[in-house]
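**Q** What follows is start.txt, compact mmCIF, C-alpha atoms.
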```txt
# COMPACT_ATOMS: atom_id res chain seq x y z
CA MET A 141 -11.30 -16.28 81.27
CA GLY A 142 -12.57 -13.33 79.29
CA LEU A 143 -14.38 -13.34 75.99
CA LEU A 144 -11.17 -12.40 74.21
CA ASP A 145 -9.32 -15.37 75.68
CA LEU A 146 -12.01 -17.67 74.38
CA PHE A 147 -11.28 -16.59 70.81
CA ARG A 148 -7.57 -16.67 71.35
CA SER A 149 -7.51 -20.18 72.76
CA HIS A 150 -9.68 -21.34 69.87
CA ARG A 151 -7.16 -20.07 67.40
CA ASN A 152 -4.24 -21.79 69.13
CA LYS A 153 -6.03 -25.03 69.77
CA GLY A 154 -4.18 -28.11 68.70
CA THR A 155 -0.73 -26.81 67.84
CA ALA A 156 0.63 -29.37 70.31
CA ALA A 157 -1.20 -32.08 68.37
CA ILE A 158 0.39 -30.83 65.16
CA ALA A 159 3.82 -30.84 66.83
CA LYS A 160 3.30 -34.40 68.02
CA GLU A 161 2.23 -35.64 64.62
CA ARG A 162 5.16 -33.95 62.87
CA LEU A 163 7.61 -35.34 65.42
CA GLN A 164 6.27 -38.88 65.19
CA ILE A 165 6.77 -38.92 61.43
CA LEU A 166 10.20 -37.31 61.67
CA VAL A 167 11.49 -39.52 64.46
CA ALA A 168 10.24 -42.70 62.76
CA HIS A 169 12.04 -41.64 59.60
CA ASP A 170 15.24 -40.67 61.44
CA ARG A 171 15.31 -43.98 63.29
CA ALA A 172 14.75 -45.97 60.12
CA THR A 173 17.69 -44.32 58.39
CA ARG A 174 19.96 -44.24 61.44
CA ASN A 175 21.18 -47.82 61.32
CA GLN A 176 21.28 -48.24 57.60
CA PRO A 177 24.54 -49.08 55.89
CA SER A 178 25.97 -46.07 54.11
CA TYR A 179 25.93 -47.78 50.69
CA LEU A 180 22.11 -47.87 50.48
CA PRO A 181 21.53 -44.66 48.46
CA GLN A 182 24.17 -45.72 45.93
CA LEU A 183 22.68 -49.22 45.74
CA GLN A 184 19.27 -47.72 45.11
CA ARG A 185 20.62 -45.52 42.29
CA GLU A 186 22.46 -48.33 40.57
CA LEU A 187 19.54 -50.75 40.85
CA LEU A 188 17.33 -48.12 39.32
CA GLU A 189 19.71 -47.74 36.39
CA VAL A 190 19.65 -51.48 35.71
CA ILE A 191 15.87 -51.72 35.94
CA ARG A 192 15.45 -48.74 33.67
CA LYS A 193 17.23 -50.59 30.93
CA TYR A 194 14.19 -52.83 30.74
CA VAL A 195 11.25 -51.00 32.25
CA ASP A 196 10.32 -47.34 32.62
CA VAL A 197 10.18 -46.67 36.33
CA ASP A 198 10.94 -43.48 38.17
CA MET A 199 12.85 -42.87 41.37
CA ASN A 200 9.70 -42.98 43.49
CA SER A 201 8.66 -46.44 42.36
CA ILE A 202 11.63 -48.10 43.91
CA SER A 203 12.35 -48.38 47.59
CA VAL A 204 15.24 -50.04 49.32
CA ASN A 205 14.75 -50.79 53.01
CA TYR A 206 17.15 -52.18 55.45
CA GLU A 207 16.07 -53.75 58.72
CA GLN A 208 18.08 -55.32 61.42
CA ASP A 209 17.15 -57.37 64.44
CA GLU A 210 19.22 -59.52 66.75
CA THR A 211 19.50 -62.53 64.50
CA ARG A 212 19.32 -61.26 60.95
CA GLU A 213 19.54 -58.36 58.54
CA VAL A 214 16.90 -57.88 55.88
CA LEU A 215 17.46 -55.92 52.70
CA GLU A 216 14.08 -55.36 51.14
CA LEU A 217 13.74 -54.16 47.58
CA ASN A 218 10.36 -52.97 46.41
CA ILE A 219 9.69 -51.95 42.81
CA VAL A 220 6.32 -50.75 41.63
CA LEU A 221 6.04 -51.50 37.92
CA PRO A 222 3.91 -49.24 35.76
CA GLU A 223 0.45 -50.62 34.94
CA ALA A 224 1.01 -51.36 31.30
CA VAL A 225 4.42 -52.94 31.22
CA ALA A 226 5.79 -52.10 27.81
CA PRO A 227 9.23 -53.56 27.31
CA LYS A 228 11.59 -51.01 25.85
CA GLY A 229 12.42 -51.04 22.19
CA GLN A 230 9.09 -52.48 21.03
CA MET B 289 33.17 -48.54 91.37
CA ALA B 290 31.73 -45.16 90.50
CA ARG B 291 28.74 -44.73 88.27
CA THR B 292 29.21 -42.23 85.45
CA ILE B 293 26.15 -40.20 84.45
CA VAL B 294 26.09 -37.95 81.39
CA ILE B 295 23.66 -35.04 81.27
CA THR B 296 23.03 -34.49 77.58
CA SER B 297 20.48 -33.17 75.09
CA GLY B 298 21.87 -32.24 71.70
CA LYS B 299 20.07 -28.92 71.74
CA GLY B 300 21.48 -25.99 73.70
CA GLY B 301 19.71 -23.97 76.36
CA VAL B 302 17.40 -26.72 77.55
CA GLY B 303 18.88 -26.93 81.06
CA LYS B 304 21.82 -29.35 80.98
CA THR B 305 24.03 -27.35 83.32
CA THR B 306 21.15 -26.49 85.67
CA THR B 307 20.33 -30.20 85.77
CA SER B 308 23.95 -31.29 86.24
CA ALA B 309 24.33 -28.91 89.19
CA ALA B 310 21.02 -29.95 90.73
CA LEU B 311 21.46 -33.71 90.36
CA ALA B 312 25.07 -33.62 91.58
CA MET B 313 24.09 -31.57 94.64
CA GLY B 314 21.10 -33.86 95.26
CA LEU B 315 23.25 -37.00 95.16
CA ALA B 316 25.88 -35.40 97.43
CA GLN B 317 23.27 -34.18 99.92
CA ARG B 318 22.20 -37.80 100.30
CA GLY B 319 25.76 -38.66 101.32
CA HIS B 320 27.08 -40.02 98.02
CA ARG B 321 30.55 -38.78 97.13
CA THR B 322 29.91 -36.96 93.88
CA VAL B 323 32.00 -35.04 91.36
CA VAL B 324 30.47 -32.96 88.59
CA ILE B 325 32.62 -32.32 85.51
CA ASP B 326 32.18 -29.52 82.96
CA PHE B 327 32.89 -30.87 79.45
CA ASP B 328 32.13 -27.57 77.72
CA VAL B 329 35.71 -26.59 76.91
CA GLY B 330 35.95 -22.93 75.89
CA LEU B 331 32.48 -22.07 77.20
CA ARG B 332 32.57 -23.18 80.79
CA ASN B 333 29.55 -22.28 82.87
CA LEU B 334 29.11 -25.00 85.44
CA ASP B 335 31.43 -23.13 87.84
CA LEU B 336 29.08 -20.13 87.67
CA ILE B 337 25.96 -22.19 88.26
CA MET B 338 27.70 -23.92 91.18
CA GLY B 339 28.93 -20.60 92.55
CA CYS B 340 32.63 -21.51 92.57
CA GLU B 341 33.86 -19.42 89.61
CA ARG B 342 36.34 -17.48 91.72
CA ARG B 343 37.97 -20.59 93.10
CA VAL B 344 39.02 -22.09 89.76
CA VAL B 345 42.81 -22.52 89.61
CA TYR B 346 43.40 -25.62 87.50
CA ASP B 347 40.96 -27.27 85.15
CA PHE B 348 40.06 -30.53 83.43
CA ILE B 349 42.49 -29.94 80.52
CA ASN B 350 45.36 -29.15 82.93
CA VAL B 351 44.75 -32.53 84.55
CA ILE B 352 44.59 -34.37 81.22
CA ASN B 353 47.85 -32.71 80.13
CA GLY B 354 49.54 -33.55 83.41
CA GLU B 355 50.02 -29.87 84.34
CA SER B 356 48.27 -30.40 87.65
CA ASN B 357 47.08 -33.40 89.57
CA ILE B 358 43.43 -34.17 90.02
CA ASN B 359 43.31 -33.01 93.65
CA GLN B 360 44.65 -29.58 92.71
CA ALA B 361 41.91 -29.12 90.13
CA LEU B 362 38.94 -30.40 92.14
CA ILE B 363 36.95 -27.68 93.92
CA ARG B 364 35.20 -28.79 97.08
CA ASP B 365 31.70 -27.39 97.44
CA LYS B 366 31.40 -25.12 100.47
CA ARG B 367 27.83 -26.16 101.19
CA CYS B 368 28.20 -29.92 100.90
CA ASP B 369 31.31 -31.92 101.85
CA ALA B 370 30.55 -34.83 99.52
CA LEU B 371 30.46 -32.64 96.40
CA TYR B 372 33.34 -31.59 94.14
CA VAL B 373 33.47 -29.65 90.88
CA LEU B 374 35.96 -30.19 88.07
CA PRO B 375 35.79 -27.07 85.88
CA ALA B 376 36.35 -26.95 82.13
CA SER B 377 39.15 -24.97 80.59
CA GLN B 378 38.09 -21.56 79.33
CA THR B 379 40.82 -20.92 76.83
CA ARG B 380 42.20 -23.98 75.12
CA ASP B 381 40.90 -25.74 72.10
CA LYS B 382 38.58 -28.71 72.38
CA ASP B 383 40.97 -31.24 70.85
CA ALA B 384 42.85 -31.32 74.14
CA LEU B 385 39.96 -33.47 75.35
CA THR B 386 41.30 -36.84 74.20
CA LYS B 387 39.53 -40.15 74.65
CA GLU B 388 42.53 -41.58 76.52
CA GLY B 389 42.94 -38.48 78.68
CA VAL B 390 39.27 -38.37 79.67
CA GLY B 391 39.29 -42.10 80.32
CA LYS B 392 42.28 -41.80 82.62
CA VAL B 393 40.78 -38.93 84.65
CA LEU B 394 37.43 -40.74 85.00
CA GLU B 395 39.24 -43.89 86.09
CA ASP B 396 41.16 -41.94 88.77
CA LEU B 397 37.98 -40.22 89.98
CA GLY B 398 36.19 -43.57 90.06
CA LYS B 399 38.50 -44.68 92.86
CA SER B 400 37.30 -42.04 95.29
CA PHE B 401 33.77 -41.12 94.14
CA ASP B 402 30.40 -42.87 94.00
CA TYR B 403 28.97 -40.78 91.18
CA ILE B 404 30.61 -38.87 88.33
CA VAL B 405 28.21 -36.41 86.70
CA CYS B 406 29.32 -35.27 83.23
CA ASP B 407 27.82 -31.98 82.04
CA SER B 408 27.85 -32.26 78.25
CA PRO B 409 28.18 -29.31 75.89
CA ALA B 410 25.40 -28.78 73.35
CA GLY B 411 25.70 -30.28 69.90
CA ILE B 412 27.00 -33.66 68.78
CA GLU B 413 30.60 -32.65 68.24
CA HIS B 414 33.75 -33.81 69.98
CA GLY B 415 33.04 -32.41 73.47
CA ALA B 416 29.57 -33.95 73.59
CA HIS B 417 30.97 -37.24 72.33
CA MET B 418 33.66 -37.25 75.04
CA ALA B 419 31.07 -36.47 77.74
CA MET B 420 28.90 -39.47 76.80
CA TYR B 421 31.56 -41.96 75.73
CA TYR B 422 32.28 -43.48 79.16
CA ALA B 423 28.76 -43.09 80.58
CA ASP B 424 26.85 -45.81 82.42
CA ASP B 425 23.67 -43.75 82.59
CA ALA B 426 22.37 -40.86 80.50
CA VAL B 427 19.88 -38.17 81.47
CA VAL B 428 18.47 -36.70 78.27
CA VAL B 429 17.25 -33.19 79.10
CA THR B 430 14.39 -32.20 76.81
CA ASN B 431 12.03 -29.23 76.50
CA PRO B 432 8.48 -29.92 75.32
CA GLU B 433 9.23 -28.33 71.98
CA VAL B 434 9.80 -29.84 68.51
CA SER B 435 13.48 -29.08 67.93
CA SER B 436 14.49 -30.22 71.40
CA VAL B 437 12.58 -33.51 71.11
CA ARG B 438 14.08 -34.21 67.71
CA ASP B 439 17.61 -33.47 68.93
CA SER B 440 17.05 -35.71 71.95
CA ASP B 441 16.09 -38.57 69.68
CA ARG B 442 19.21 -37.95 67.63
CA MET B 443 21.25 -38.05 70.85
CA LEU B 444 19.63 -41.37 71.82
CA GLY B 445 20.89 -42.83 68.55
CA ILE B 446 24.40 -41.62 69.32
CA LEU B 447 24.27 -42.98 72.89
CA SER B 448 23.33 -46.41 71.59
CA SER B 449 26.01 -46.57 68.91
CA LYS B 450 29.00 -44.36 69.80
CA SER B 451 29.59 -45.06 73.48
CA ARG B 452 32.18 -47.31 75.00
CA ARG B 453 29.43 -49.67 76.15
CA ALA B 454 28.18 -49.94 72.57
CA GLU B 455 31.67 -50.42 71.13
CA GLN B 456 32.57 -53.13 73.63
CA ASN B 457 29.20 -54.91 73.43
CA GLN B 458 28.47 -54.28 77.09
CA PRO B 459 24.93 -53.72 78.42
CA PRO B 460 23.73 -50.42 76.91
CA ILE B 461 23.69 -47.05 78.68
CA ARG B 462 20.58 -46.63 80.85
CA GLU B 463 18.71 -43.71 79.34
CA TYR B 464 16.33 -41.43 81.22
CA LEU B 465 14.15 -38.57 80.08
CA LEU B 466 14.11 -35.35 82.10
CA LEU B 467 11.51 -32.94 80.79
CA THR B 468 12.27 -29.33 81.73
CA ARG B 469 10.53 -25.97 81.38
CA TYR B 470 7.14 -27.68 81.54
CA CYS B 471 4.01 -25.49 81.64
CA PRO B 472 0.89 -27.45 82.66
CA GLU B 473 -1.24 -24.41 81.78
CA ARG B 474 -0.06 -24.40 78.19
CA VAL B 475 -0.38 -28.18 77.94
CA ALA B 476 -4.02 -27.89 79.09
CA LYS B 477 -4.64 -25.35 76.35
CA GLY B 478 -3.15 -27.68 73.75
CA GLU B 479 -0.28 -25.29 73.11
CA MET B 480 2.52 -27.47 74.42
CA LEU B 481 3.47 -31.13 74.02
CA SER B 482 2.41 -33.05 77.11
CA VAL B 483 4.73 -35.27 79.11
CA GLY B 484 2.80 -38.23 77.69
CA ASP B 485 3.39 -37.01 74.13
CA VAL B 486 7.14 -36.67 74.63
CA ARG B 487 7.42 -40.06 76.33
CA GLU B 488 5.47 -41.66 73.53
CA ILE B 489 7.70 -40.13 70.86
CA LEU B 490 11.01 -40.90 72.58
CA SER B 491 9.90 -44.07 74.45
CA LEU B 492 12.09 -43.39 77.48
CA ASP B 493 11.80 -43.88 81.22
CA LEU B 494 10.79 -40.60 82.81
CA LEU B 495 13.20 -39.43 85.51
CA GLY B 496 11.32 -36.24 86.24
CA VAL B 497 9.39 -33.24 85.02
CA ILE B 498 10.77 -29.84 86.02
CA PRO B 499 8.16 -27.10 85.77
CA GLU B 500 9.00 -23.74 84.21
CA SER B 501 10.04 -21.81 87.28
CA LYS B 502 11.36 -18.41 88.26
CA ALA B 503 13.46 -20.20 90.86
CA VAL B 504 15.86 -21.49 88.17
CA LEU B 505 17.00 -18.01 87.16
CA THR B 506 17.06 -16.80 90.77
CA ALA B 507 19.25 -19.75 91.72
CA SER B 508 21.69 -19.27 88.84
CA ASN B 509 21.90 -15.54 89.59
CA SER B 510 23.33 -16.37 92.98
CA GLY B 511 25.32 -19.48 92.06
CA VAL B 512 23.19 -21.90 94.07
CA PRO B 513 22.00 -25.17 92.52
CA VAL B 514 18.22 -24.83 92.30
CA ILE B 515 17.73 -28.11 94.20
CA MET B 516 18.81 -26.21 97.34
CA ASP B 517 15.72 -24.01 97.04
CA GLN B 518 13.32 -26.52 98.52
CA GLU B 519 10.60 -23.89 98.73
CA SER B 520 10.44 -23.87 94.94
CA ASP B 521 8.59 -26.29 92.67
CA ALA B 522 11.69 -26.76 90.48
CA GLY B 523 13.84 -27.56 93.53
CA GLN B 524 11.35 -30.14 94.77
CA ALA B 525 11.00 -31.63 91.29
CA TYR B 526 14.79 -32.08 91.08
CA SER B 527 14.81 -33.74 94.52
CA ASP B 528 12.20 -36.19 93.28
CA ALA B 529 14.31 -36.87 90.19
CA VAL B 530 17.35 -37.67 92.36
CA ALA B 531 15.25 -40.01 94.50
CA ARG B 532 13.93 -41.77 91.40
CA TYR B 533 17.43 -42.11 90.01
CA LEU B 534 18.40 -43.83 93.25
CA GLY B 535 15.53 -46.27 92.87
CA GLU B 536 12.65 -44.71 94.80
CA ASP B 537 9.24 -44.93 93.19
CA LEU B 538 7.69 -41.49 93.49
CA PRO B 539 4.64 -40.09 91.70
CA HIS B 540 5.35 -37.22 89.31
CA ARG B 541 4.34 -33.83 90.66
CA PHE B 542 3.72 -30.44 89.07
CA LEU B 543 1.97 -31.93 86.04
CA GLU B 544 -1.36 -30.30 86.84
CA ILE B 545 -2.31 -26.64 86.81
CA LYS B 546 -1.70 -25.03 90.16
CA LYS B 547 -4.96 -24.13 91.85
CA LYS B 548 -4.91 -20.45 92.59
CA GLY B 549 -5.64 -19.42 96.13
CA PHE B 550 -8.42 -17.05 97.01
CA PHE B 551 -6.13 -14.04 97.38
CA SER B 552 -4.10 -14.55 94.22
CA ARG B 553 -7.36 -14.97 92.31
CA MET B 554 -8.74 -11.75 93.77
CA LEU B 555 -5.52 -9.90 93.06
CA GLY B 556 -5.29 -11.33 89.55
CA GLY B 557 -1.89 -12.93 90.21
```
What do you get writing this file as structure tokens?
**A**
Amino acid sequence: MGLLDLFRSHRNKGTAAIAKERLQILVAHDRATRNQPSYLPQLQRELLEVIRKYVDVDMNSISVNYEQDETREVLELNIVLPEAVAPKGQ
Amino acid sequence: MARTIVITSGKGGVGKTTTSAALAMGLAQRGHRTVVIDFDVGLRNLDLIMGCERRVVYDFINVINGESNINQALIRDKRCDALYVLPASQTRDKDALTKEGVGKVLEDLGKSFDYIVCDSPAGIEHGAHMAMYYADDAVVVTNPEVSSVRDSDRMLGILSSKSRRAEQNQPPIREYLLLTRYCPERVAKGEMLSVGDVREILSLDLLGVIPESKAVLTASNSGVPVIMDQESDAGQAYSDAVARYLGEDLPHRFLEIKKKGFFSRMLGG
């Protein structure tokens, strides 16, 4: 290995590690969404509309997860309320 | 009862047809009556890789449509008596590949063969779906490269939900990973995903690792399945994969950098 190669290999070092990390995130996300019922995005939107009538939350503070194992299905709804909860209209 | 194996990947150009030809030849060389079917309607290539392109008279679609019987369409391999090729149609549209038609042909073939190898087209469209629908086993051909790994994972999802086994609540398709175009040198430099990385991401049983090899192009140039080139690393790696598929427990080879001999080092090869 020449001196030039040493510099070159230093520059390229770790792109495989980057690829692996990106893929792990992507594949985990793909798998999570793969088996979800198709109504989930709509459900999330409508829930958000109802909650917004009472509390100011944005799209990112609500998550709807669906999990399935052999015996049961779990629909998990997670809403992060803003710190100072000021009811609307007051 | 024949076992139906689909060779699939999602992504194109990763080595599905090379693998189909090699595995089918490997199984046949071990005495198993094997037929390899090209599902890539409109873009057939298996006949070229198998070296029987000039002997195609009838094809898969002709059989499905009842324009020829199965024995007229099957091409017997000249090198191995146990091996037959069923070519795809080059001209007709893909919709001719119906679920019922494919099912009927596979059922007929199942009476006289031990293994049916289905060479899937790229993508996740109709042809790919038909190739995997009746499968008992799936070989997911993957390159150590981000888009190929992602597409393979996508294909795994389809195998577990859209196959006949899934629809009829039968035991799921057995899925195997075959990693192709592997360069140990680049893995050592951290430039390429390692076999461990890909297995970890896809969590699949590893059927084999085929090293990047000049022998693959040489073999396809002359229409000889690369498994017949037992001098080559790729040919040996495919033989190992066939043995593993049949239940032998072999260590994986060609994962380490080849040690250069004295002369090749001196000559800078």
**Q** Using all atoms listed in the file, which residues sit within 12 Å of Asp537 of chain B once same-chain residues fewer than 3 positions away are excluded, as JSON, numbers by chain?
**A** {"B": [494, 495, 496, 528, 529, 530, 531, 532, 533, 534, 540]}
**Q** Find the axis-aligned box for segment 495-498 of chain B, covering all its listed atoms and adding 3 Å on each side, and write its centre and edge lengths in Å to one decimal as lines of an AutoDock Vina configuration file.
**A**
```
center_x = 11.3
center_y = -34.6
center_z = 85.6
size_x = 9.8
size_y = 15.6
size_z = 7.2
```
**Q** Just give me the gap between atom CA of Val434 of chain B and atom CA of Val302 of chain B in Å, one decimal is fine.
**A**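 Separation between atom CA of Val434 of chain B and atom CA of Val302 of chain B: 12.2 Å.
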**Q** Using Å and a single decimal, report how far atom CA of Ser448 of chain B sits from atom CA of Ile158 of chain A.
**A** 28.5 Å
**Q** Asn359 of chain B: which residues within 10 Å, counting only C-alpha atoms, same-chain residues fewer than 3 positions away excluded, as a list in words?
**A**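 My list of contacting residues is Tyr346, Val351, Ser356, Leu362, Ile363, Arg364, Leu374 and Leu397 of chain B.
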**Q** Pull C-alpha atoms from the residues just selected and write them as a tab-separated table (two decimals), keeping the file's coordinate frame.
**A**
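See part_7.tsv below for the written result:
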```tsv
chain	number	residue	atom	x	y	z
B	346	TYR	CA	43.40	-25.62	87.50
B	351	VAL	CA	44.75	-32.53	84.55
B	356	SER	CA	48.27	-30.40	87.65
B	362	LEU	CA	38.94	-30.40	92.14
B	363	ILE	CA	36.95	-27.68	93.92
B	364	ARG	CA	35.20	-28.79	97.08
B	374	LEU	CA	35.96	-30.19	88.07
B	397	LEU	CA	37.98	-40.22	89.98
```
**Q** Give the residues of chain A that lie within 8 Å of chain B; count all atoms listed in the file, and format the answer as a short mmCIF file (atom, residue, chain, number, x, y, z; two decimals) with C-alpha atoms, keeping the file's coordinate frame.
**A**
```cif
data_model
loop_
_atom_site.label_atom_id
_atom_site.label_comp_id
_atom_site.auth_asym_id
_atom_site.auth_seq_id
_atom_site.Cartn_x
_atom_site.Cartn_y
_atom_site.Cartn_z
CA SER A 149 -7.51 -20.18 72.76
CA ASN A 152 -4.24 -21.79 69.13
CA LYS A 153 -6.03 -25.03 69.77
CA GLY A 154 -4.18 -28.11 68.70
CA THR A 155 -0.73 -26.81 67.84
CA ALA A 156 0.63 -29.37 70.31
CA ALA A 157 -1.20 -32.08 68.37
CA ALA A 159 3.82 -30.84 66.83
CA LYS A 160 3.30 -34.40 68.02
CA LEU A 163 7.61 -35.34 65.42
CA GLN A 164 6.27 -38.88 65.19
CA LEU A 166 10.20 -37.31 61.67
CA VAL A 167 11.49 -39.52 64.46
CA ASP A 170 15.24 -40.67 61.44
CA ARG A 171 15.31 -43.98 63.29
CA ARG A 174 19.96 -44.24 61.44
#
```
